[in-house]
Amino acid sequence: MYQAGRGAGACRARPARPVAGSGCTGRPSRAIVGPACDAGVVVVTFDAELWIWEARSADTWIFVSLPAGVSEEIGDLAAGRLRGFGSLRVRATIGGSRWRTSIFPDGPRNCYRLGIKSAIRKAEGLEAGDTATVTVELVDL
């Protein structure tokens with residue numbers, strides 16, 4: 001389940017519309033996606049499973065994947081505003097923990113991914129394989 005939209009009052013062109021699709025992991029999801037426009041804050045809330053990035057076996061890097069549909073919309077909105085490695089600055093929230101970080105494109109999964117710091121996982125009692133409700137707010141868009 002995920003919801004995406006912009007801050008209250010930012011857009012008046014069209015009402016939010018329900019969208020059915022599949023998340024980055026292929027599991028079905030439903031979403032409420034707000035209208036596309038240039039003003040306001042972009043906030044996405046979704047449930048995702050924490051997974052280990054296998055590319056660095058010496059380190060344990062844990063991520064969640066943003067849903068594919070949301071990732072596509074974010075990519076469209078961010079065109080020309082990307083930073084190093086295609087990253088975008090965000091504020092992320094899981095449970096009572098909130099932090100500033102970046103999301104990165106994940107080519108093989110065709111979505112953006114968000115790293116979940118060890119301190120956040122510890123504070124929220126999470127480990128790889130667990131599912132968390134994640135909120136991502138895009139910064140500088």
# chains A, B, ... in the order shown; residues from 1 in each chain; ligands from 1
$ residues_around --residues "Phe63 in chain A" --least-positions-apart "2" --cutoff "12 Å" --atoms "only C-alpha atoms" --output "ChimeraX atom specification"
/A:48-54,60-61,65-66,102-106,112-118,120-121,126-132,134
$ write_last_selection --atoms "C-alpha atoms" --output "mmCIF file, in the first residue's frame"
data_model
loop_
_atom_site.group_PDB
_atom_site.id
_atom_site.type_symbol
_atom_site.label_atom_id
_atom_site.label_comp_id
_atom_site.auth_asym_id
_atom_site.auth_seq_id
_atom_site.Cartn_x
_atom_site.Cartn_y
_atom_site.Cartn_z
ATOM 1 C CA ALA A 48 8.222 -2.152 2.007
ATOM 2 C CA GLU A 49 10.387 -5.088 2.965
ATOM 3 C CA LEU A 50 13.934 -4.347 4.110
ATOM 4 C CA TRP A 51 16.513 -6.130 1.936
ATOM 5 C CA ILE A 52 20.288 -6.585 1.933
ATOM 6 C CA TRP A 53 22.340 -5.187 -0.936
ATOM 7 C CA GLU A 54 24.464 -8.114 -2.080
ATOM 8 C CA THR A 60 25.765 -4.999 5.369
ATOM 9 C CA TRP A 61 23.806 -2.327 3.528
ATOM 10 C CA SER A 65 12.570 -0.087 -2.605
ATOM 11 C CA LEU A 66 10.111 2.646 -3.466
ATOM 12 C CA SER A 102 19.043 10.536 -0.390
ATOM 13 C CA ILE A 103 17.288 8.006 -2.583
ATOM 14 C CA PHE A 104 19.151 6.409 -5.477
ATOM 15 C CA PRO A 105 17.978 4.852 -8.731
ATOM 16 C CA ASP A 106 18.147 1.048 -8.736
ATOM 17 C CA TYR A 112 14.471 4.181 -6.377
ATOM 18 C CA ARG A 113 15.966 2.692 -3.211
ATOM 19 C CA LEU A 114 16.345 4.170 0.254
ATOM 20 C CA GLY A 115 19.118 3.089 2.608
ATOM 21 C CA ILE A 116 18.000 2.319 6.152
ATOM 22 C CA LYS A 117 20.771 3.270 8.597
ATOM 23 C CA SER A 118 21.775 0.906 11.379
ATOM 24 C CA ILE A 120 17.236 3.668 12.491
ATOM 25 C CA ARG A 121 16.882 -0.114 12.289
ATOM 26 C CA LEU A 126 13.877 -3.744 12.299
ATOM 27 C CA GLU A 127 16.129 -6.099 10.363
ATOM 28 C CA ALA A 128 16.353 -7.439 6.811
ATOM 29 C CA GLY A 129 13.165 -9.283 5.870
ATOM 30 C CA ASP A 130 10.909 -7.135 8.070
ATOM 31 C CA THR A 131 8.257 -4.873 6.538
ATOM 32 C CA ALA A 132 8.084 -1.212 7.541
ATOM 33 C CA VAL A 134 8.086 4.339 5.172
#
